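A.B. asks: My structure is in query13.csv, and what it holds is CSV, C-alpha atoms and all ligand atoms:
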chain,number,residue,atom,x,y,z
A,1,MET,CA,-35.1,-42.9,4.5
A,2,ILE,CA,-36.1,-41.9,8.1
A,3,ASN,CA,-34.8,-38.5,9.0
A,4,PHE,CA,-34.3,-38.0,12.7
A,5,ARG,CA,-33.8,-34.2,12.5
A,6,ARG,CA,-32.6,-32.4,15.7
A,7,VAL,CA,-31.6,-28.7,15.9
A,8,LYS,CA,-29.8,-27.5,19.0
A,9,ALA,CA,-29.8,-23.9,20.2
A,10,LYS,CA,-27.6,-22.2,22.7
A,11,THR,CA,-28.7,-19.4,25.0
A,12,ARG,CA,-26.3,-17.3,27.1
A,13,PHE,CA,-27.0,-15.5,30.4
A,14,HIS,CA,-25.4,-14.7,33.8
A,15,ASP,CA,-26.5,-17.5,36.2
A,16,PRO,CA,-27.6,-16.4,39.7
A,17,THR,CA,-27.2,-19.9,41.0
A,18,LYS,CA,-23.5,-19.9,39.9
A,19,ASN,CA,-22.5,-16.5,41.3
A,20,PHE,CA,-23.6,-14.8,38.0
A,21,GLU,CA,-21.1,-16.6,35.9
A,22,LEU,CA,-21.8,-16.4,32.2
A,23,VAL,CA,-23.3,-19.8,31.2
A,24,GLU,CA,-24.5,-21.3,28.0
A,25,VAL,CA,-27.7,-23.4,28.1
A,26,GLU,CA,-28.7,-25.8,25.4
A,27,SER,CA,-32.2,-26.5,24.2
A,28,GLU,CA,-33.4,-28.7,21.3
A,29,LYS,CA,-36.0,-28.7,18.6
A,30,ARG,CA,-36.9,-31.9,16.9
A,31,TYR,CA,-39.0,-32.7,13.8
A,32,ASP,CA,-41.3,-35.7,13.6
A,33,PRO,CA,-39.8,-38.0,11.0
A,34,LEU,CA,-43.2,-38.6,9.5
A,35,THR,CA,-45.2,-35.3,9.7
A,36,GLY,CA,-42.3,-32.9,10.0
A,37,ARG,CA,-44.1,-31.4,13.0
A,38,LEU,CA,-41.8,-29.4,15.5
A,39,VAL,CA,-41.5,-30.4,19.1
A,40,ARG,CA,-39.3,-28.9,21.8
A,41,VAL,CA,-37.1,-30.7,24.3
A,42,PHE,CA,-36.5,-28.5,27.4
A,43,PRO,CA,-33.0,-28.8,29.0
A,44,PHE,CA,-33.9,-30.5,32.2
A,45,ARG,CA,-31.7,-33.6,32.4
A,46,LYS,CA,-33.0,-35.2,35.6
A,47,PHE,CA,-36.5,-34.1,36.3
A,48,THR,CA,-38.2,-35.8,39.3
A,49,PHE,CA,-41.8,-35.7,40.5
A,50,THR,CA,-43.0,-35.8,44.0
A,51,ARG,CA,-45.6,-38.5,44.5
A,52,HIS,CA,-49.2,-37.3,44.1
A,53,ASP,CA,-51.7,-38.7,46.5
A,54,TRP,CA,-55.1,-39.2,44.8
A,55,THR,CA,-56.8,-40.4,48.0
A,56,PRO,CA,-58.6,-37.2,48.9
A,57,PHE,CA,-59.9,-36.8,45.2
A,58,VAL,CA,-61.0,-40.4,45.1
A,59,GLU,CA,-62.8,-40.1,48.5
A,60,GLU,CA,-64.5,-36.9,47.4
A,61,SER,CA,-65.6,-38.5,44.1
A,62,ARG,CA,-67.1,-41.4,46.0
A,63,GLN,CA,-69.3,-39.0,47.9
A,64,ARG,CA,-70.5,-37.4,44.7
A,65,PHE,CA,-72.7,-39.1,42.0
A,66,CYS,CA,-70.8,-41.6,39.8
A,67,PRO,CA,-72.8,-42.8,36.8
A,68,PHE,CA,-70.4,-45.7,36.2
A,69,CYS,CA,-70.6,-47.4,39.6
A,70,PRO,CA,-72.5,-50.8,39.9
A,71,GLY,CA,-76.1,-50.2,40.8
A,72,VAL,CA,-76.1,-46.7,39.2
A,73,ILE,CA,-74.9,-47.6,35.7
A,74,GLU,CA,-78.0,-49.8,35.0
A,75,LYS,CA,-80.3,-46.8,35.7
A,76,ALA,CA,-78.2,-43.7,34.9
A,77,ALA,CA,-76.4,-44.7,31.7
A,78,PRO,CA,-77.8,-44.1,28.2
A,79,ARG,CA,-78.6,-47.0,25.9
A,80,PHE,CA,-78.1,-47.5,22.2
A,81,PRO,CA,-81.1,-47.9,19.9
A,82,GLU,CA,-82.1,-51.6,19.5
A,83,ASP,CA,-81.6,-51.5,15.7
A,84,PHE,CA,-78.0,-50.4,16.2
A,85,ILE,CA,-76.8,-52.3,19.3
A,86,PRO,CA,-79.3,-55.0,20.3
A,87,GLY,CA,-79.6,-54.9,24.1
A,88,GLY,CA,-78.6,-51.3,24.2
A,89,ARG,CA,-75.0,-51.8,25.3
A,90,LEU,CA,-72.0,-54.1,24.7
A,91,GLN,CA,-70.0,-56.0,27.2
A,92,VAL,CA,-66.7,-58.0,27.3
A,93,GLY,CA,-65.8,-59.5,30.7
A,94,GLN,CA,-66.6,-56.7,33.1
A,95,SER,CA,-66.0,-53.9,30.6
A,96,VAL,CA,-69.3,-52.2,29.5
A,97,LEU,CA,-69.7,-49.9,26.5
A,98,ILE,CA,-72.4,-47.3,26.5
A,99,PRO,CA,-73.2,-44.2,24.4
A,100,ASN,CA,-71.4,-41.0,25.4
A,101,LEU,CA,-74.0,-38.7,27.0
A,102,ASN,CA,-72.0,-35.8,25.6
A,103,PRO,CA,-71.1,-37.0,22.0
A,104,TYR,CA,-68.5,-35.0,20.1
A,105,GLU,CA,-68.5,-37.2,17.0
A,106,THR,CA,-71.3,-39.0,15.0
A,107,HIS,CA,-70.4,-42.2,16.9
A,108,SER,CA,-69.2,-41.6,20.4
A,109,ALA,CA,-69.1,-44.2,23.1
A,110,VAL,CA,-67.6,-44.7,26.6
A,111,VAL,CA,-66.2,-48.0,27.9
A,112,VAL,CA,-66.6,-48.3,31.6
A,113,MET,CA,-63.5,-50.4,32.1
A,114,SER,CA,-64.3,-52.1,35.4
A,115,PRO,CA,-66.9,-52.1,38.2
A,116,GLU,CA,-64.2,-50.7,40.5
A,117,HIS,CA,-64.7,-46.9,41.0
A,118,TYR,CA,-60.9,-46.4,41.3
A,119,LEU,CA,-58.0,-48.3,40.0
A,120,SER,CA,-54.5,-47.1,41.0
A,121,MET,CA,-51.8,-47.6,38.4
A,122,ARG,CA,-50.7,-50.7,40.2
A,123,ASP,CA,-54.3,-52.1,40.2
A,124,ILE,CA,-54.9,-51.7,36.4
A,125,GLU,CA,-54.6,-55.4,35.3
A,126,PRO,CA,-53.9,-56.3,31.7
A,127,SER,CA,-57.2,-58.3,31.5
A,128,VAL,CA,-59.1,-55.1,32.3
A,129,MET,CA,-57.3,-53.2,29.5
A,130,ARG,CA,-57.7,-56.2,27.1
A,131,ASP,CA,-61.5,-56.5,27.7
A,132,SER,CA,-62.0,-52.7,27.4
A,133,LEU,CA,-60.2,-52.5,24.1
A,134,GLU,CA,-62.0,-55.5,22.8
A,135,VAL,CA,-65.4,-54.1,23.6
A,136,GLY,CA,-64.3,-50.8,22.0
A,137,LEU,CA,-63.3,-52.7,18.8
A,138,ASN,CA,-66.6,-54.6,18.8
A,139,TYR,CA,-68.4,-51.2,18.8
A,140,LEU,CA,-66.3,-49.9,15.9
A,141,LYS,CA,-67.0,-53.0,13.9
A,142,ALA,CA,-70.8,-52.5,14.5
A,143,VAL,CA,-70.4,-48.9,13.3
A,144,ALA,CA,-68.5,-50.0,10.2
A,145,GLU,CA,-71.2,-52.6,9.4
A,146,LYS,CA,-74.3,-50.4,10.1
A,147,ASP,CA,-73.0,-46.9,9.1
A,148,PRO,CA,-70.0,-47.3,6.8
A,149,ASP,CA,-70.1,-43.6,5.8
A,150,ASN,CA,-69.2,-42.7,9.4
A,151,ALA,CA,-66.5,-45.4,9.8
A,152,GLY,CA,-63.7,-43.7,7.9
A,153,TYR,CA,-61.8,-42.5,11.0
A,154,SER,CA,-61.9,-44.1,14.4
A,155,SER,CA,-59.9,-44.3,17.6
A,156,ILE,CA,-60.0,-45.6,21.2
A,157,SER,CA,-58.6,-43.3,23.8
A,158,TRP,CA,-58.0,-43.0,27.5
A,159,ASN,CA,-57.7,-40.1,29.9
A,160,TYR,CA,-56.4,-41.7,33.1
A,161,MET,CA,-57.3,-39.4,36.1
A,162,PRO,CA,-58.2,-35.7,36.1
A,163,TYR,CA,-54.7,-34.4,35.3
A,164,ALA,CA,-55.0,-36.2,32.0
A,165,GLY,CA,-58.4,-34.6,31.3
A,166,GLY,CA,-60.6,-37.4,32.8
A,167,SER,CA,-63.8,-35.9,34.1
A,168,LEU,CA,-64.6,-38.9,36.3
A,169,ILE,CA,-62.3,-41.0,38.5
A,170,HIS,CA,-64.0,-44.2,37.5
A,171,PRO,CA,-61.8,-45.7,34.8
A,172,HIS,CA,-63.2,-45.3,31.3
A,173,LEU,CA,-62.2,-45.1,27.6
A,174,GLN,CA,-63.5,-42.9,24.8
A,175,VAL,CA,-64.3,-44.6,21.4
A,176,ILE,CA,-65.2,-42.4,18.4
A,177,SER,CA,-65.9,-42.9,14.7
A,178,GLY,CA,-66.8,-40.4,12.0
A,179,SER,CA,-66.3,-39.4,8.4
A,180,VAL,CA,-63.5,-37.0,9.0
A,181,PRO,CA,-60.2,-37.5,11.0
A,182,CYS,CA,-59.0,-35.7,14.1
A,183,ASN,CA,-56.4,-33.1,13.2
A,184,LEU,CA,-53.3,-35.2,14.1
A,185,ASP,CA,-54.8,-38.5,12.9
A,186,GLY,CA,-55.5,-36.9,9.5
A,187,GLU,CA,-52.0,-35.4,9.3
A,188,VAL,CA,-50.4,-38.7,10.1
A,189,ALA,CA,-52.6,-40.7,7.6
A,190,ALA,CA,-51.8,-38.2,4.8
A,191,ALA,CA,-48.1,-38.2,5.6
A,192,ALA,CA,-48.1,-42.0,5.7
A,193,ALA,CA,-49.8,-42.2,2.4
A,194,GLY,CA,-47.3,-39.8,0.9
A,195,TYR,CA,-44.4,-41.9,2.3
A,196,TYR,CA,-45.9,-45.0,0.8
A,197,ASP,CA,-46.3,-43.3,-2.6
A,198,ARG,CA,-42.7,-42.1,-2.6
A,199,ASN,CA,-41.0,-45.2,-1.1
A,200,GLY,CA,-43.4,-48.1,-1.8
A,201,ARG,CA,-43.0,-49.0,1.9
A,202,VAL,CA,-45.0,-48.5,5.1
A,203,TYR,CA,-43.4,-45.8,7.2
A,204,TRP,CA,-43.6,-47.7,10.5
A,205,ASP,CA,-41.8,-50.7,9.0
A,206,ASP,CA,-38.9,-48.4,8.1
A,207,LEU,CA,-39.1,-46.7,11.5
A,208,ILE,CA,-38.7,-50.0,13.4
A,209,GLU,CA,-35.8,-50.9,11.1
A,210,ALA,CA,-34.1,-47.5,11.6
A,211,GLU,CA,-34.6,-47.6,15.4
A,212,LYS,CA,-33.6,-51.3,15.9
A,213,GLY,CA,-31.1,-51.8,18.6
A,214,GLY,CA,-30.8,-48.0,19.1
A,215,GLU,CA,-31.2,-45.9,22.2
A,216,ARG,CA,-35.0,-45.4,21.8
A,217,ASP,CA,-35.7,-49.1,20.9
A,218,LEU,CA,-37.7,-50.9,23.6
A,219,GLY,CA,-37.9,-54.1,21.5
A,220,SER,CA,-40.6,-56.4,20.3
A,221,THR,CA,-43.0,-58.4,22.4
A,222,GLY,CA,-44.1,-60.5,19.4
A,223,GLN,CA,-46.5,-58.8,17.0
A,224,ILE,CA,-46.0,-55.4,18.6
A,225,HIS,CA,-42.8,-53.3,18.5
A,226,TRP,CA,-42.3,-50.7,21.3
A,227,LEU,CA,-40.4,-47.4,20.7
A,228,VAL,CA,-39.8,-44.3,22.8
A,229,SER,CA,-41.0,-41.6,20.4
A,230,PHE,CA,-38.2,-39.5,18.8
A,231,ALA,CA,-40.3,-36.4,18.6
A,232,PRO,CA,-42.5,-36.7,21.7
A,233,LEU,CA,-45.9,-35.1,22.1
A,234,ALA,CA,-45.4,-34.9,25.8
A,235,MET,CA,-43.3,-36.5,28.6
A,236,GLY,CA,-43.1,-40.3,28.6
A,237,ASP,CA,-44.2,-40.6,25.0
A,238,VAL,CA,-44.1,-44.3,23.9
A,239,THR,CA,-45.3,-45.6,20.5
A,240,ALA,CA,-46.4,-49.2,20.2
A,241,VAL,CA,-46.5,-50.4,16.5
A,242,ILE,CA,-48.9,-53.2,15.8
A,243,LYS,CA,-47.1,-54.8,12.9
A,244,GLY,CA,-49.0,-55.6,9.7
A,245,CYS,CA,-52.3,-54.1,11.0
A,246,SER,CA,-54.0,-51.1,9.6
A,247,THR,CA,-57.8,-51.3,10.2
A,248,ILE,CA,-60.0,-52.5,13.0
A,249,TRP,CA,-60.5,-55.7,11.1
A,250,ASP,CA,-56.8,-56.6,11.4
A,251,ILE,CA,-56.6,-56.6,15.2
A,252,THR,CA,-57.0,-60.0,16.9
A,253,PRO,CA,-57.6,-60.9,20.5
A,254,GLY,CA,-53.9,-62.0,20.6
A,255,HIS,CA,-52.8,-58.4,19.6
A,256,LEU,CA,-55.0,-57.0,22.4
A,257,GLU,CA,-53.6,-59.4,25.0
A,258,GLU,CA,-50.0,-58.6,24.0
A,259,LEU,CA,-50.8,-54.8,23.9
A,260,ALA,CA,-52.4,-54.9,27.4
A,261,ARG,CA,-49.4,-56.7,28.9
A,262,GLY,CA,-47.0,-54.1,27.3
A,263,LEU,CA,-49.2,-51.2,28.5
A,264,LYS,CA,-49.0,-52.6,32.0
A,265,LYS,CA,-45.2,-52.2,31.9
A,266,ILE,CA,-45.4,-48.7,30.5
A,267,ILE,CA,-47.9,-47.8,33.3
A,268,GLY,CA,-45.5,-49.5,35.8
A,269,TYR,CA,-42.8,-47.1,34.6
A,270,TYR,CA,-45.0,-44.1,35.0
A,271,ASP,CA,-45.9,-45.2,38.5
A,272,SER,CA,-42.2,-45.7,39.3
A,273,ILE,CA,-41.4,-42.0,38.4
A,274,ASN,CA,-44.5,-40.7,40.2
A,275,MET,CA,-46.2,-39.7,37.0
A,276,PRO,CA,-49.7,-39.2,38.3
A,277,ALA,CA,-51.8,-39.5,35.1
A,278,PHE,CA,-51.6,-40.4,31.4
A,279,ASN,CA,-53.3,-40.3,28.0
A,280,MET,CA,-53.5,-43.2,25.6
A,281,ALA,CA,-54.8,-43.4,22.0
A,282,MET,CA,-55.1,-46.3,19.6
A,283,TYR,CA,-55.2,-45.2,16.0
A,284,PHE,CA,-56.9,-47.0,13.0
A,285,ALA,CA,-56.9,-46.4,9.3
A,286,GLY,CA,-60.0,-46.4,7.2
A,287,LYS,CA,-60.2,-48.8,4.2
A,288,GLU,CA,-58.9,-46.1,1.8
A,289,ASN,CA,-55.8,-45.1,3.8
A,290,LYS,CA,-52.6,-46.4,2.1
A,291,GLY,CA,-49.4,-47.1,3.9
A,292,PHE,CA,-51.0,-46.9,7.4
A,293,CYS,CA,-50.1,-49.0,10.4
A,294,CYS,CA,-52.1,-49.2,13.7
A,295,THR,CA,-50.2,-47.6,16.6
A,296,VAL,CA,-50.9,-47.0,20.2
A,297,ARG,CA,-49.4,-43.9,21.8
A,298,THR,CA,-49.1,-43.2,25.5
A,299,VAL,CA,-47.9,-40.0,27.2
A,300,GLY,CA,-47.6,-39.0,30.8
A,301,ARG,CA,-49.6,-36.1,32.3
A,302,PHE,CA,-48.8,-34.1,35.4
A,303,THR,CA,-49.0,-30.8,37.1
A,304,LEU,CA,-46.0,-28.6,37.8
A,305,PHE,CA,-45.8,-28.5,41.5
A,306,PRO,CA,-46.0,-26.8,43.9
A,307,LEU,CA,-48.8,-24.6,42.5
A,308,VAL,CA,-50.7,-27.2,40.5
A,309,GLY,CA,-49.5,-25.7,37.2
A,310,SER,CA,-50.9,-27.4,34.1
A,311,ASP,CA,-48.5,-29.2,31.8
A,312,ILE,CA,-50.4,-27.7,28.9
A,313,SER,CA,-49.0,-24.1,28.3
A,314,ASN,CA,-49.3,-21.5,25.7
A,315,MET,CA,-46.8,-23.5,23.7
A,316,GLN,CA,-49.3,-26.3,23.0
A,317,MET,CA,-52.5,-24.3,23.2
A,318,LEU,CA,-51.6,-21.2,21.1
A,319,HIS,CA,-48.5,-22.3,19.2
A,320,HIS,CA,-49.2,-26.0,18.7
A,321,ASP,CA,-45.7,-26.9,19.8
A,322,PRO,CA,-45.6,-29.9,22.0
A,323,TRP,CA,-42.8,-30.0,24.6
A,324,THR,CA,-41.2,-32.4,27.0
A,325,LEU,CA,-39.0,-31.7,30.1
A,326,CYS,CA,-36.7,-34.6,29.5
A,327,ALA,CA,-34.9,-36.1,26.5
A,328,PRO,CA,-36.6,-39.3,25.2
A,329,GLU,CA,-33.3,-41.1,25.2
A,330,ASP,CA,-32.8,-40.4,28.9
A,331,MET,CA,-36.2,-41.8,29.6
A,332,ALA,CA,-35.6,-44.8,27.4
A,333,VAL,CA,-32.7,-46.0,29.7
A,334,GLU,CA,-35.2,-46.4,32.5
A,335,LEU,CA,-38.1,-47.7,30.4
A,336,LYS,CA,-36.0,-50.5,29.0
A,337,LYS,CA,-35.7,-52.0,32.5
A,338,PHE,CA,-39.5,-52.2,32.6
A,339,ILE,CA,-40.1,-53.7,29.2
A,340,LYS,CA,-37.5,-56.5,29.7
A,401,ZN,ZN,-67.7,-45.0,40.0
Go ahead and render the structure in this file as structure tokens.
C.D. replies:
Amino acid sequence: MINFRRVKAKTRFHDPTKNFELVEVESEKRYDPLTGRLVRVFPFRKFTFTRHDWTPFVEESRQRFCPFCPGVIEKAAPRFPEDFIPGGRLQVGQSVLIPNLNPYETHSAVVVMSPEHYLSMRDIEPSVMRDSLEVGLNYLKAVAEKDPDNAGYSSISWNYMPYAGGSLIHPHLQVISGSVPCNLDGEVAAAAAGYYDRNGRVYWDDLIEAEKGGERDLGSTGQIHWLVSFAPLAMGDVTAVIKGCSTIWDITPGHLEELARGLKKIIGYYDSINMPAFNMAMYFAGKENKGFCCTVRTVGRFTLFPLVGSDISNMQMLHHDPWTLCAPEDMAVELKKFIK
């Protein structure tokens, strides 16, 4: 029932690096098995990154004002109204959730993950991720109880470092909830409902079945199944399927613990290939969404050296075609070593 559709194209030219021999170069288009959305796989087989040194950026950011650092956050961070979140903010462990000073959804919060101003990929401990996700979930539950009209669509997301869109070095998550979905979230929810109507099954259950033991399968860690995404939204795209969970109410502390341990391994892989930044998103269904399953997606973010080129080009911006420089299956070979 899952259609892994790939279309290959061949392009011919005289290659200056091969004495102008006539060569044929292959590229590939893939279609997401759920949404049908097109993505492109560029024909770089072994793409390597030079290591990015964040030290000068981190040092500069320490000199500037950081609203999330201890001593400042107490005075500079906004607070929720008392009738919504008593005490004005939420906390789990050392992770603190505050209102987003620049909201872009009805409910818009930021999780300051740790008192540490900078966490290198190696220093991001599972406990920090677990606590940060838990406080994000607690906020979404408060929204669902106090303002159910704006609890239909929610997510918890992460821009790790400026190349991934992070405006501050200090590690933080974005948590949003509103009455309408983000574009991709809505497309996925609608496609999943359609799949459920046609097949009487949850798409992700069938996906895990179809991928099991295959080249993109990273295996299960218990309640969570890890897959290299067939149709990646960017380089290093990994999908974690939280089995049997669809809304915020289904996620337990055990899921978050398992998720954080798995994410640590994915981040370890990014670090090993010198991927300097990443995005993460955790998606939830609203009560009315049929056939949905909670997933967490992570993608690597980078600049194209040596001229600090963005990894977002006209293809994503103006054609809405995501692309990756390397085949997901090639990446999966390396990733499997980290998950095991
Ligand atoms: Zn800071």
A.B. asks: Using all atoms listed in the file, what residues lie at most 10 Å away from (-38.8, -43.7, 42.3) (file coordinates), given as a PyMOL selection string?
C.D. replies: chain A and resi 48-51+269-275
A.B. asks: With C-alpha atoms retained, write the just-selected residues as a PDB file, in the coordinates of the input.
C.D. replies:
ATOM      1  CA  THR A  48     -38.200 -35.800  39.300  1.00  0.00           C
ATOM      2  CA  PHE A  49     -41.800 -35.700  40.500  1.00  0.00           C
ATOM      3  CA  THR A  50     -43.000 -35.800  44.000  1.00  0.00           C
ATOM      4  CA  ARG A  51     -45.600 -38.500  44.500  1.00  0.00           C
ATOM      5  CA  TYR A 269     -42.800 -47.100  34.600  1.00  0.00           C
ATOM      6  CA  TYR A 270     -45.000 -44.100  35.000  1.00  0.00           C
ATOM      7  CA  ASP A 271     -45.900 -45.200  38.500  1.00  0.00           C
ATOM      8  CA  SER A 272     -42.200 -45.700  39.300  1.00  0.00           C
ATOM      9  CA  ILE A 273     -41.400 -42.000  38.400  1.00  0.00           C
ATOM     10  CA  ASN A 274     -44.500 -40.700  40.200  1.00  0.00           C
ATOM     11  CA  MET A 275     -46.200 -39.700  37.000  1.00  0.00           C
TER      12      MET A 275
END
A.B. asks: Could you list, with a cut-off of 10 Å and counting only C-alpha atoms and all ligand atoms, the residues of chain A near ligand ZN 401 (chain A), each shown with its nearest atom pair and the distance in Å rounded to one decimal, rows sorted by chain and ascending number, as CSV?
C.D. replies:
residue,atom,partner,partner_atom,distance
A:Val58,CA,A:ZN401,ZN,9.6
A:Ser61,CA,A:ZN401,ZN,8.0
A:Arg62,CA,A:ZN401,ZN,7.0
A:Arg64,CA,A:ZN401,ZN,9.4
A:Phe65,CA,A:ZN401,ZN,8.0
A:Cys66,CA,A:ZN401,ZN,4.6
A:Pro67,CA,A:ZN401,ZN,6.4
A:Phe68,CA,A:ZN401,ZN,4.7
A:Cys69,CA,A:ZN401,ZN,3.8
A:Pro70,CA,A:ZN401,ZN,7.5
A:Gly71,CA,A:ZN401,ZN,9.9
A:Val72,CA,A:ZN401,ZN,8.6
A:Ile73,CA,A:ZN401,ZN,8.8
A:Val112,CA,A:ZN401,ZN,9.1
A:Ser114,CA,A:ZN401,ZN,9.1
A:Pro115,CA,A:ZN401,ZN,7.4
A:Glu116,CA,A:ZN401,ZN,6.7
A:His117,CA,A:ZN401,ZN,3.7
A:Tyr118,CA,A:ZN401,ZN,7.1
A:Leu168,CA,A:ZN401,ZN,7.8
A:Ile169,CA,A:ZN401,ZN,6.9
A:His170,CA,A:ZN401,ZN,4.5
A:Pro171,CA,A:ZN401,ZN,7.9
A:His172,CA,A:ZN401,ZN,9.8
A.B. asks: Do a neighbour search on A:Gly300 at 7 Å with all atoms listed in the file, toss out local chain neighbours closer than 3 positions, and write the hits as a tab-separated table (two decimals) with C-alpha atoms, in the coordinates of the input.
C.D. replies:
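Result file follows (selection_33.tsv):
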chain	number	residue	atom	x	y	z
A	234	ALA	CA	-45.40	-34.90	25.80
A	235	MET	CA	-43.30	-36.50	28.60
A	236	GLY	CA	-43.10	-40.30	28.60
A	237	ASP	CA	-44.20	-40.60	25.00
A	275	MET	CA	-46.20	-39.70	37.00
A	277	ALA	CA	-51.80	-39.50	35.10
A	278	PHE	CA	-51.60	-40.40	31.40
A	279	ASN	CA	-53.30	-40.30	28.00
A.B. asks: Which residues, protein or nucleic acid, reach to within 6 Å of (-38.1, -46.6, 25.4) in the file's coordinates when using all atoms listed in the file, and can you give that as a list of chain:residue names?
C.D. replies: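 Output: A:Arg216, A:Asp217, A:Leu218, A:Leu227, A:Val228, A:Ala332, A:Leu335, A:Lys336.
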A.B. asks: To one decimal place in Å, what is the distance between atom CA of A:Ala77 and atom CA of A:Val175?
C.D. replies: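 These two atoms are separated by 15.9 Å.
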A.B. asks: Looking at A:Glu82, A:Asp147, A:Glu288, A:Glu125, which one is nearest to A:Leu263, with distances taken over only C-alpha atoms?
C.D. replies: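 Ranked by minimum distance to A:Leu263, first place goes to A:Glu125.
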A.B. asks: Can you list, as a ChimeraX atom specification, every protein, DNA or RNA residue that comes within 9 Å of A:Gly222 when you count all atoms listed in the file, leaving out same-chain residues fewer than 2 positions away?
C.D. replies: /A:220,224-225,255,258
A.B. asks: Considering only C-alpha atoms, state which residue in the set A:Val241, A:Cys326, A:Ile156, A:Met317 is at the smallest distance from A:Tyr283.
C.D. replies: A:Ile156
A.B. asks: Which one of A:Ile251, A:Met315, A:Ile2, A:Ile339 sits closest to A:Lys264 if you count only C-alpha atoms?
C.D. replies: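 With only C-alpha atoms as the atom set, the closest residue is A:Ile339.
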A.B. asks: Please list as a list of chain:residue names every residue within 10 Å of A:Ile176, counting all atoms listed in the file and excluding residues in the same chain fewer than 2 positions away.
C.D. replies: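 Near neighbours after the sequence-gap exclusion: A:Asn100, A:Pro103, A:Tyr104, A:Glu105, A:Thr106, A:His107, A:Ser108, A:Ala109, A:Val110, A:Gly136, A:Tyr139, A:Leu140, A:Val143, A:Asn150, A:Ala151, A:Tyr153, A:Ser154, A:Ser155, A:Ile156, A:Ser157, A:Gln174, A:Gly178.
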A.B. asks: Could you check how far atom CA of A:Ile124 sits from atom CA of A:Ala164, in Å to one decimal?
C.D. replies: 16.1 Å
A.B. asks: Have a look at atom CA of A:Pro33 and atom CA of A:Gly262 and let me know their distance in Å, one decimal.
C.D. replies: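 Separation of atom CA of A:Pro33 and atom CA of A:Gly262: 24.0 Å.
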A.B. asks: Which of these, A:Gly165, A:Pro43, A:Gly214, A:Pro232, has the shortest distance to A:Ser27 once you count only C-alpha atoms?
C.D. replies: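 Residue with the minimum atom-to-atom distance to A:Ser27: A:Pro43.
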A.B. asks: Give me the stretch 7-94 of chain A side of the contact with stretch 180-190 of chain A, cut-off 12 Å, one line per residue showing its nearest atom pair and distance in Å at one decimal, counting only C-alpha atoms, sorted by chain and residue number, as CSV.
C.D. replies:
residue,atom,partner,partner_atom,distance
A:Asp32,CA,A:Val188,CA,10.2
A:Pro33,CA,A:Val188,CA,10.7
A:Leu34,CA,A:Val188,CA,7.2
A:Thr35,CA,A:Val188,CA,6.2
A:Gly36,CA,A:Val188,CA,10.0
A:Arg37,CA,A:Glu187,CA,9.6
A.B. asks: Rank A:Met129, A:Ser229, A:Leu207, A:Phe292 by their smallest atom-to-atom distance to A:Gly194, using all atoms listed in the file, and report the top residue only.
C.D. replies: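 Residue with the minimum atom-to-atom distance to A:Gly194: A:Phe292.
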A.B. asks: Using only C-alpha atoms, which residue out of A:Cys294, A:Ala281, A:Ala210, A:Leu304 lies closest to A:Asn3?
C.D. replies: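 Ranked by minimum distance to A:Asn3, first place goes to A:Ala210.
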A.B. asks: Near A:Ala142, counting all atoms listed in the file, which residues have an atom at most 8 Å away, once you skip same-chain residues fewer than 3 positions from it, shown as a list in words?
C.D. replies: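 Using all atoms listed in the file, the neighbours found are Phe84, Ile85, Asn138, Tyr139, Glu145 and Lys146 of chain A.
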